[in-house]
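What's in query26.txt: compact mmCIF, C-alpha atoms
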```txt
# COMPACT_ATOMS: atom_id res chain seq x y z
CA MET A 28 0.46 -23.19 1.16
CA ILE A 29 3.65 -25.19 1.52
CA LEU A 30 2.95 -28.49 3.27
CA SER A 31 4.86 -31.71 3.75
CA GLU A 32 3.58 -34.66 1.74
CA SER A 33 2.38 -36.39 4.89
CA VAL A 34 -0.28 -33.77 5.61
CA ASN A 35 -3.71 -34.74 4.37
CA PRO A 36 -5.74 -31.79 3.04
CA THR A 37 -8.83 -33.03 4.88
CA GLU A 38 -6.92 -33.26 8.14
CA GLU A 39 -5.45 -29.82 7.46
CA LYS A 40 -8.90 -28.32 6.97
CA ALA A 41 -10.11 -29.85 10.19
CA ALA A 42 -7.00 -28.77 12.07
CA VAL A 43 -7.20 -25.16 10.94
CA PRO A 44 -10.75 -23.92 11.64
CA PHE A 45 -10.73 -20.24 10.62
CA ARG A 46 -13.67 -17.90 10.37
CA THR A 47 -14.49 -16.90 6.84
CA ARG A 48 -17.47 -15.31 5.09
CA PRO A 49 -17.31 -16.07 1.34
CA PHE A 50 -20.67 -14.47 0.61
CA ALA A 51 -19.75 -11.24 2.40
CA ALA A 52 -16.35 -11.26 0.68
CA SER A 53 -18.01 -11.65 -2.72
CA LEU A 54 -20.29 -8.71 -1.97
CA VAL A 55 -17.29 -6.62 -0.89
CA LEU A 56 -15.42 -7.46 -4.09
CA ILE A 57 -18.36 -6.87 -6.43
CA GLY A 58 -19.62 -3.76 -4.65
CA GLY A 59 -16.09 -2.42 -4.22
CA LEU A 60 -15.25 -2.86 -7.90
CA ILE A 61 -18.47 -1.11 -8.96
CA ALA A 62 -17.74 1.76 -6.56
CA LEU A 63 -14.13 1.87 -7.79
CA LEU A 64 -15.24 2.22 -11.41
CA ALA A 65 -17.58 5.04 -10.39
CA GLY A 66 -14.76 6.65 -8.40
CA LEU A 67 -12.38 6.44 -11.34
CA GLY A 68 -14.98 8.13 -13.53
CA LEU A 69 -15.45 10.93 -11.00
CA SER A 70 -11.69 11.28 -10.52
CA ILE A 71 -11.20 11.77 -14.26
CA SER A 72 -14.14 14.16 -14.71
CA LEU A 73 -13.59 16.42 -11.67
CA GLY A 74 -10.85 19.02 -11.47
CA ALA A 75 -9.98 22.60 -12.32
CA ALA A 76 -12.02 22.10 -15.50
CA ASP A 77 -15.01 19.81 -14.95
CA ILE A 78 -15.55 17.36 -17.80
CA ARG A 79 -18.74 15.43 -18.52
CA LEU A 80 -18.68 11.66 -18.05
CA ILE A 81 -19.70 11.12 -21.67
CA THR A 82 -16.57 13.03 -22.70
CA VAL A 83 -14.50 10.79 -20.43
CA TRP A 84 -15.97 7.73 -22.15
CA GLN A 85 -15.21 9.16 -25.59
CA ALA A 86 -11.65 10.13 -24.63
CA ILE A 87 -10.90 6.59 -23.44
CA PHE A 88 -12.57 4.56 -26.19
CA SER A 89 -12.48 6.95 -29.16
CA PHE A 90 -9.59 9.30 -28.46
CA GLN A 91 -9.28 12.37 -30.67
CA PRO A 92 -5.88 14.08 -30.22
CA ASP A 93 -7.14 17.42 -31.59
CA VAL A 94 -9.74 17.76 -28.78
CA THR A 95 -8.28 19.58 -25.76
CA GLN A 96 -10.46 17.78 -23.20
CA HIS A 97 -9.42 14.41 -24.62
CA GLN A 98 -5.77 15.40 -24.22
CA ILE A 99 -6.36 16.47 -20.60
CA ILE A 100 -8.01 13.14 -19.84
CA GLN A 101 -5.44 10.95 -21.58
CA GLU A 102 -2.27 12.75 -20.48
CA LEU A 103 -3.18 14.02 -17.00
CA ARG A 104 -6.29 12.64 -15.37
CA LEU A 105 -6.40 9.03 -16.53
CA PRO A 106 -2.85 8.14 -15.39
CA ARG A 107 -3.51 10.01 -12.14
CA ALA A 108 -6.68 8.00 -11.42
CA ILE A 109 -5.05 4.68 -12.31
CA ALA A 110 -2.02 5.53 -10.16
CA GLY A 111 -4.30 6.24 -7.20
CA ALA A 112 -6.03 2.89 -7.54
CA MET A 113 -2.75 1.02 -8.00
CA VAL A 114 -1.00 2.69 -5.07
CA GLY A 115 -3.96 2.23 -2.73
CA ALA A 116 -3.99 -1.49 -3.53
CA CYS A 117 -0.23 -1.72 -2.96
CA PHE A 118 -0.29 -0.11 0.49
CA ALA A 119 -3.38 -2.06 1.61
CA VAL A 120 -2.08 -5.48 0.53
CA ALA A 121 1.37 -4.77 1.98
CA GLY A 122 -0.22 -3.92 5.32
CA ALA A 123 -2.44 -6.99 5.27
CA ILE A 124 0.52 -9.29 4.60
CA MET A 125 2.63 -7.69 7.32
CA GLN A 126 -0.16 -8.04 9.86
CA GLY A 127 -0.62 -11.66 8.85
CA ILE A 128 2.98 -12.85 9.03
CA THR A 129 3.81 -10.91 12.22
CA ARG A 130 0.42 -11.40 13.93
CA ASN A 131 0.78 -7.73 14.83
CA PRO A 132 -2.32 -5.53 14.45
CA LEU A 133 -0.11 -2.42 14.29
CA ALA A 134 1.95 -3.62 11.34
CA ASP A 135 1.94 -1.29 8.34
CA SER A 136 4.55 -0.26 5.82
CA GLY A 137 4.35 3.35 7.01
CA LEU A 138 4.54 2.55 10.73
CA LEU A 139 7.37 0.04 10.40
CA GLY A 140 9.89 2.20 8.55
CA VAL A 141 9.37 0.80 5.05
CA ASN A 142 7.97 4.04 3.62
CA ALA A 143 10.58 6.19 5.39
CA GLY A 144 13.37 3.92 4.13
CA ALA A 145 12.13 4.20 0.57
CA GLY A 146 11.90 7.99 0.95
CA PHE A 147 15.47 8.14 2.29
CA ALA A 148 16.69 6.19 -0.74
CA LEU A 149 14.89 8.65 -3.01
CA ALA A 150 16.54 11.58 -1.21
CA LEU A 151 19.95 10.00 -1.84
CA CYS A 152 19.10 9.58 -5.51
CA PHE A 153 17.95 13.19 -5.89
CA ALA A 154 21.06 14.45 -4.06
CA PHE A 155 23.78 12.40 -5.75
CA PHE A 156 22.17 11.22 -9.00
CA PRO A 157 19.89 14.04 -10.24
CA GLY A 158 17.86 13.18 -13.29
CA MET A 159 17.95 9.43 -12.60
CA PRO A 160 15.35 7.53 -14.69
CA PHE A 161 12.23 6.40 -12.84
CA MET A 162 13.07 2.73 -13.46
CA TYR A 163 16.17 3.06 -11.29
CA LEU A 164 14.32 5.12 -8.68
CA ILE A 165 12.01 2.16 -8.13
CA MET A 166 14.98 -0.18 -7.62
CA TYR A 167 16.54 2.14 -5.05
CA SER A 168 13.15 2.45 -3.34
CA PHE A 169 13.14 -1.32 -2.87
CA VAL A 170 16.58 -1.16 -1.27
CA GLY A 171 15.55 1.71 0.99
CA ALA A 172 12.37 -0.07 2.04
CA ALA A 173 14.41 -3.15 3.00
CA LEU A 174 16.82 -0.93 4.97
CA GLY A 175 13.98 0.68 6.93
CA ALA A 176 12.28 -2.63 7.74
CA GLY A 177 15.59 -4.24 8.75
CA MET A 178 16.42 -1.39 11.14
CA VAL A 179 12.99 -1.53 12.77
CA TYR A 180 13.02 -5.28 13.34
CA GLY A 181 16.65 -5.20 14.45
CA ILE A 182 16.13 -2.49 17.05
CA GLY A 183 12.82 -3.90 18.23
CA SER A 184 14.22 -7.41 18.74
CA ILE A 185 17.00 -6.15 21.04
CA ALA A 186 14.47 -5.66 23.83
CA LYS A 187 14.66 -8.09 26.73
CA ASN A 188 11.16 -9.53 26.44
CA GLY A 189 11.12 -9.83 22.67
CA LEU A 190 9.41 -7.98 19.87
CA THR A 191 5.92 -7.06 21.16
CA PRO A 192 3.48 -5.12 18.96
CA PHE A 193 3.95 -2.00 21.12
CA ARG A 194 7.77 -2.16 20.91
CA LEU A 195 7.57 -2.76 17.17
CA ALA A 196 5.43 0.34 16.72
CA MET A 197 7.75 2.44 18.88
CA SER A 198 10.81 1.15 16.99
CA GLY A 199 9.09 2.01 13.72
CA ALA A 200 8.34 5.53 14.94
CA ALA A 201 11.96 6.05 16.03
CA VAL A 202 13.50 4.65 12.83
CA GLY A 203 11.00 6.53 10.69
CA ALA A 204 11.85 9.80 12.46
CA LEU A 205 15.57 9.14 11.99
CA LEU A 206 15.27 8.40 8.28
CA VAL A 207 13.00 11.40 7.70
CA ALA A 208 15.50 13.63 9.55
CA LEU A 209 18.34 12.32 7.39
CA SER A 210 16.26 12.91 4.27
CA GLU A 211 15.54 16.47 5.36
CA GLY A 212 19.25 17.03 6.05
CA LEU A 213 20.07 15.93 2.51
CA GLN A 214 17.28 18.14 1.26
CA LEU A 215 18.70 21.24 2.93
CA TYR A 216 22.37 20.57 2.15
CA PHE A 217 21.89 19.68 -1.51
CA ARG A 218 18.96 22.07 -2.06
CA ILE A 219 16.59 19.43 -3.37
CA GLY A 220 13.60 20.72 -1.42
CA GLN A 221 11.49 21.20 -4.51
CA ASP A 222 12.09 17.62 -5.61
CA MET A 223 11.39 16.18 -2.16
CA ALA A 224 8.37 18.34 -1.24
CA PHE A 225 6.05 16.20 -3.36
CA TRP A 226 7.27 12.96 -1.83
CA TYR A 227 6.69 14.23 1.73
CA ALA A 228 3.18 15.50 1.02
CA GLY A 229 2.14 12.41 -0.89
CA GLY A 230 -0.12 12.54 -3.90
CA VAL A 231 -0.76 11.25 -7.39
CA ALA A 232 -0.76 14.60 -9.21
CA GLY A 233 1.69 14.62 -12.09
CA THR A 234 1.84 10.84 -12.53
CA LYS A 235 2.83 9.94 -16.09
CA TRP A 236 2.13 6.91 -18.25
CA LEU A 237 5.83 6.04 -18.24
CA GLN A 238 5.77 5.65 -14.46
CA LEU A 239 2.72 3.39 -14.64
CA LYS A 240 4.29 1.24 -17.37
CA ILE A 241 7.40 0.73 -15.24
CA MET A 242 5.44 0.08 -12.05
CA PHE A 243 2.83 -2.26 -13.48
CA PRO A 244 4.96 -5.41 -14.01
CA TRP A 245 6.38 -5.16 -10.48
CA VAL A 246 3.00 -4.54 -8.87
CA ALA A 247 1.26 -7.24 -10.93
CA ALA A 248 3.91 -9.84 -10.08
CA ALA A 249 3.75 -8.94 -6.37
CA MET A 250 -0.06 -9.13 -6.33
CA ILE A 251 -0.04 -12.53 -8.02
CA GLY A 252 2.59 -13.70 -5.53
CA ALA A 253 0.47 -12.43 -2.63
CA ILE A 254 -2.57 -14.35 -3.86
CA LEU A 255 -0.55 -17.55 -4.37
CA LEU A 256 0.87 -17.18 -0.87
CA SER A 257 -2.45 -16.24 0.74
CA ARG A 258 -3.32 -19.67 2.15
CA SER A 259 0.10 -20.01 3.77
CA ILE A 260 -0.29 -16.56 5.30
CA THR A 261 -3.68 -17.60 6.70
CA VAL A 262 -2.17 -20.58 8.51
CA LEU A 263 0.81 -18.53 9.69
CA SER A 264 -1.50 -15.82 11.04
CA LEU A 265 -3.14 -18.43 13.29
CA GLY A 266 0.15 -19.20 15.02
CA GLU A 267 3.64 -20.31 14.04
CA GLU A 268 3.45 -23.51 16.10
CA LEU A 269 0.31 -24.56 14.28
CA ALA A 270 1.88 -23.76 10.91
CA VAL A 271 5.00 -25.78 11.75
CA GLY A 272 2.83 -28.65 12.97
CA LEU A 273 1.12 -28.71 9.59
CA GLY A 274 4.50 -28.97 7.88
CA GLN A 275 4.66 -25.42 6.63
CA ARG A 276 8.11 -23.97 5.96
CA THR A 277 7.45 -20.80 7.91
CA GLY A 278 10.86 -19.24 7.26
CA LEU A 279 10.42 -19.49 3.50
CA VAL A 280 6.87 -18.13 3.69
CA LYS A 281 8.02 -15.11 5.73
CA VAL A 282 10.90 -14.34 3.36
CA MET A 283 8.67 -14.54 0.29
CA ALA A 284 5.99 -12.44 1.99
CA LEU A 285 8.54 -9.81 3.02
CA ILE A 286 9.87 -9.58 -0.54
CA ILE A 287 6.32 -9.00 -1.78
CA VAL A 288 5.80 -6.27 0.84
CA LEU A 289 9.04 -4.52 -0.11
CA VAL A 290 8.12 -4.56 -3.80
CA LEU A 291 4.60 -3.22 -3.18
CA ALA A 292 5.64 -0.51 -0.70
CA GLY A 293 8.77 0.48 -2.63
CA ALA A 294 6.90 0.85 -5.91
CA ALA A 295 4.10 2.84 -4.29
CA VAL A 296 6.41 5.26 -2.45
CA SER A 297 8.52 5.83 -5.54
CA ALA A 298 5.38 6.89 -7.43
CA VAL A 299 3.37 8.96 -4.94
CA GLY A 300 5.48 9.51 -1.84
CA ALA A 301 5.07 8.37 1.75
CA ILE A 302 1.32 7.97 2.29
CA GLY A 303 0.74 6.14 5.56
CA PHE A 304 -2.12 4.38 7.34
CA ILE A 305 -3.81 2.79 4.30
CA GLY A 306 -2.11 -0.50 5.13
CA LEU A 307 -3.10 -0.15 8.79
CA VAL A 308 -6.79 0.70 8.46
CA ILE A 309 -7.96 -1.29 5.41
CA PRO A 310 -6.89 -4.81 6.55
CA HIS A 311 -8.72 -4.35 9.88
CA VAL A 312 -11.88 -3.25 8.08
CA VAL A 313 -11.60 -6.17 5.66
CA ARG A 314 -11.10 -8.76 8.42
CA ALA A 315 -14.19 -7.43 10.20
CA LEU A 316 -16.17 -7.90 7.00
CA VAL A 317 -14.87 -11.16 5.51
CA GLY A 318 -13.10 -13.06 8.32
CA VAL A 319 -9.50 -14.18 8.66
CA ASP A 320 -8.96 -16.13 5.43
CA TYR A 321 -6.26 -14.31 3.46
CA ARG A 322 -7.52 -15.79 0.20
CA TRP A 323 -10.31 -13.23 0.63
CA ILE A 324 -8.47 -10.60 2.70
CA ILE A 325 -5.82 -9.87 0.06
CA PRO A 326 -8.13 -9.22 -2.94
CA CYS A 327 -10.67 -7.36 -0.78
CA SER A 328 -7.88 -5.24 0.72
CA ALA A 329 -6.66 -4.40 -2.79
CA VAL A 330 -10.13 -3.25 -3.86
CA LEU A 331 -10.92 -1.23 -0.72
CA GLY A 332 -7.41 0.26 -0.62
CA SER A 333 -7.85 1.43 -4.21
CA LEU A 334 -11.27 2.81 -3.33
CA LEU A 335 -9.93 4.77 -0.35
CA MET A 336 -7.05 6.27 -2.32
CA VAL A 337 -9.19 7.26 -5.31
CA PHE A 338 -11.85 9.00 -3.22
CA ALA A 339 -9.21 10.63 -0.99
CA ASP A 340 -7.63 12.08 -4.14
CA ILE A 341 -11.05 13.38 -5.23
CA ALA A 342 -11.55 14.98 -1.81
CA ALA A 343 -8.08 16.53 -1.99
CA ARG A 344 -9.15 18.41 -5.11
CA MET A 345 -12.58 19.42 -3.83
CA ILE A 346 -11.78 20.78 -0.34
CA HIS A 347 -10.09 24.02 -1.41
CA PRO A 348 -10.21 24.42 -5.20
CA PRO A 349 -8.26 25.27 -7.27
CA TYR A 350 -5.58 24.25 -4.73
CA GLU A 351 -5.02 20.64 -3.71
CA THR A 352 -4.86 19.35 -0.15
CA PRO A 353 -2.14 16.69 0.36
CA VAL A 354 -3.73 13.25 0.12
CA GLY A 355 -1.47 11.93 2.87
CA ALA A 356 -2.89 14.50 5.29
CA LEU A 357 -6.49 13.51 4.53
CA ILE A 358 -5.82 9.81 5.03
CA ALA A 359 -3.93 10.59 8.26
CA LEU A 360 -7.12 12.18 9.65
CA ILE A 361 -8.59 8.66 9.56
CA GLY A 362 -5.44 6.70 10.28
CA VAL A 363 -4.11 8.50 13.36
CA PRO A 364 -7.24 8.04 15.53
CA PHE A 365 -7.45 4.42 14.37
CA PHE A 366 -3.79 3.86 15.28
CA LEU A 367 -4.27 5.38 18.74
CA TYR A 368 -7.29 3.13 19.28
CA LEU A 369 -5.26 0.03 18.36
CA VAL A 370 -2.35 1.06 20.61
CA ARG A 371 -4.73 1.58 23.52
CA LYS A 372 -6.35 -1.78 22.86
CA GLU A 373 -3.01 -3.60 22.66
CA ARG A 374 -1.75 -2.04 25.89
CA ARG A 375 -4.91 -3.16 27.70
CA GLU A 376 -4.30 -6.72 26.50
CA LEU A 377 -0.64 -6.86 27.60
```

What do you get writing this file as structure tokens?
Amino acid sequence: MILSESVNPTEEKAAVPFRTRPFAASLVLIGGLIALLAGLGLSISLGAADIRLITVWQAIFSFQPDVTQHQIIQELRLPRAIAGAMVGACFAVAGAIMQGITRNPLADSGLLGVNAGAGFALALCFAFFPGMPFMYLIMYSFVGAALGAGMVYGIGSIAKNGLTPFRLAMSGAAVGALLVALSEGLQLYFRIGQDMAFWYAGGVAGTKWLQLKIMFPWVAAAMIGAILLSRSITVLSLGEELAVGLGQRTGLVKVMALIIVLVLAGAAVSAVGAIGFIGLVIPHVVRALVGVDYRWIIPCSAVLGSLLMVFADIAARMIHPPYETPVGALIALIGVPFFLYLVRKERREL
């Protein structure tokens, strides 16, 4: 956290009493990581051709290129499983940060236009720059995510009584619909429907090692930045006046946090498409379990977000084999009722 030199850490601790449950958070992290490892093993072993877990172990630690099952694991299923875990963590942490800095329980990269903006940028790339390398697609996704978020906050702040959570959600829905409509217009005019269909449905099928290698440095840097910024986000989430009173440079914290969100959401959308609601649901679950300290919320959100995405991908393959159900649709079955519950709750409190 960024504090002026005059603020004593002891006084700060006394002035900012926030509810936290370190023991519960430790259990969530340890249990979540164990479940995630089990989920990754299942994700790699289950599919059109079921593979034994011992074969998965051998393919990872003693790879034999002449064995067909080893090739399937290394080239198809392992990058797919890792991509699911990475993307789930990205969406969950992005949502947690947005909810913290805006103090808005409805904040989420999908609901606030970030995902739709990144998708619109991808549509432009497919239409005007076909065959663009994935490294540049990620960069344009960042730009599109920033465009979507800027439009949502700009439109929402025009309202007479300021940017309430309900207005922010409605602005996000309107901007998201606009950007999706523009993307679909480009899709029809330039006949890029086959390229865009995957991004709309959302899923990790077909993820390659090259994509993961390009994504990893961005995601790792953003995650480290989120953890370093976590204490500042905790204070900011308790109220901007309190944060300013403690000497925190709230403007700088918000800018840095927004950059982290754009990197996480942009990288995730460029890899698997617009999968919403992970960043809405997971942070609420985590806060109920571990309290309001973002030093615990961010890592726990990353673990549980990865867990949700990995098991949703497993379910997508098991519901109607050999066909796959879109992962985004499965997660929406959880996210939409949860979103409606939050909207109803917020309107009662207005």

For region 340-346 of chain A, list every protein, DNA or RNA residue within 9 Å, evaluated using only C-alpha atoms, and leave out those in the same chain fewer than 6 positions away; present the list as a PyMOL selection string. chain A and resi 66+69-70+73-75+108+111+230-232+352-354+357

So what do you get for CA of Ser72 (chain A) versus CA of Leu334 (chain A), distance-wise?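 One can read the CA of Ser72 (chain A) to CA of Leu334 (chain A) distance as 16.3 Å.
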
For region 113-149 of chain A against region 242-251 of chain A, with a cut-off of 12 Å and counting all atoms listed in the file, what is the closest atom pair and its distance in Å to one decimal for every residue that makes the cut, ordered by chain and number, as a Markdown table?
```
| residue | atom | partner | partner_atom | distance |
| --- | --- | --- | --- | --- |
| A:Met113 | CA | A:Val246 | CA | 8.0 |
| A:Val114 | CA | A:Val246 | CA | 9.1 |
| A:Gly115 | CA | A:Val246 | CA | 11.5 |
| A:Ala116 | CA | A:Met250 | CA | 9.0 |
| A:Cys117 | CA | A:Val246 | CA | 7.3 |
| A:Phe118 | CA | A:Val246 | CA | 10.9 |
| A:Ala119 | CA | A:Met250 | CA | 11.1 |
| A:Val120 | CA | A:Met250 | CA | 8.0 |
| A:Ala121 | CA | A:Met250 | CA | 9.5 |
| A:Ile124 | CA | A:Met250 | CA | 10.9 |
```

Would you pick out the contacts of region 193-209 of chain A at 12 Å or less, using only C-alpha atoms, so that residues sharing its chain but fewer than 6 positions from it are not included, and give the list as number ranges by chain? A: 126, 129-151, 154, 171-172, 174-187, 215-216, 223, 226-227, 301, 303, 307, 366-367, 369-377

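The spacing separating CA of Ser168 (chain A) from CA of Leu263 (chain A) amounts to 27.6 Å.
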
Would you work out the distance separating CA of Ile254 (chain A) from CA of Gly68 (chain A), expressed in Å to one decimal? 27.4 Å

Of the listed residues A:Met125, A:Cys152, A:Leu316, A:Ile325, that which approaches Ile219 (chain A) most closely, counting all atoms listed in the file: A:Cys152

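The smallest atom-to-atom distance between Ala253 (chain A) and any of A:Gly300, A:Pro49, A:Gly362, A:Pro326, using all atoms listed in the file, is found for A:Pro326.
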
Write out as a PyMOL selection string the residues lying within 12 Å of Gln85 (chain A), counting all atoms listed in the file and excluding same-chain residues fewer than 5 positions away. chain A and resi 78-80+90-92+94+96-98+100-101

Selection as a ChimeraX atom specification: residues within 12 Å of (12.5, 5.0, -13.2), counting all atoms listed in the file: /A:149,152,158-168,235-242,294,297-298

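Counting all atoms listed in the file and comparing A:Ile358, A:Ile324, A:Leu331, A:Ile128, the residue that lies closest to Ile260 (chain A) is A:Ile128.
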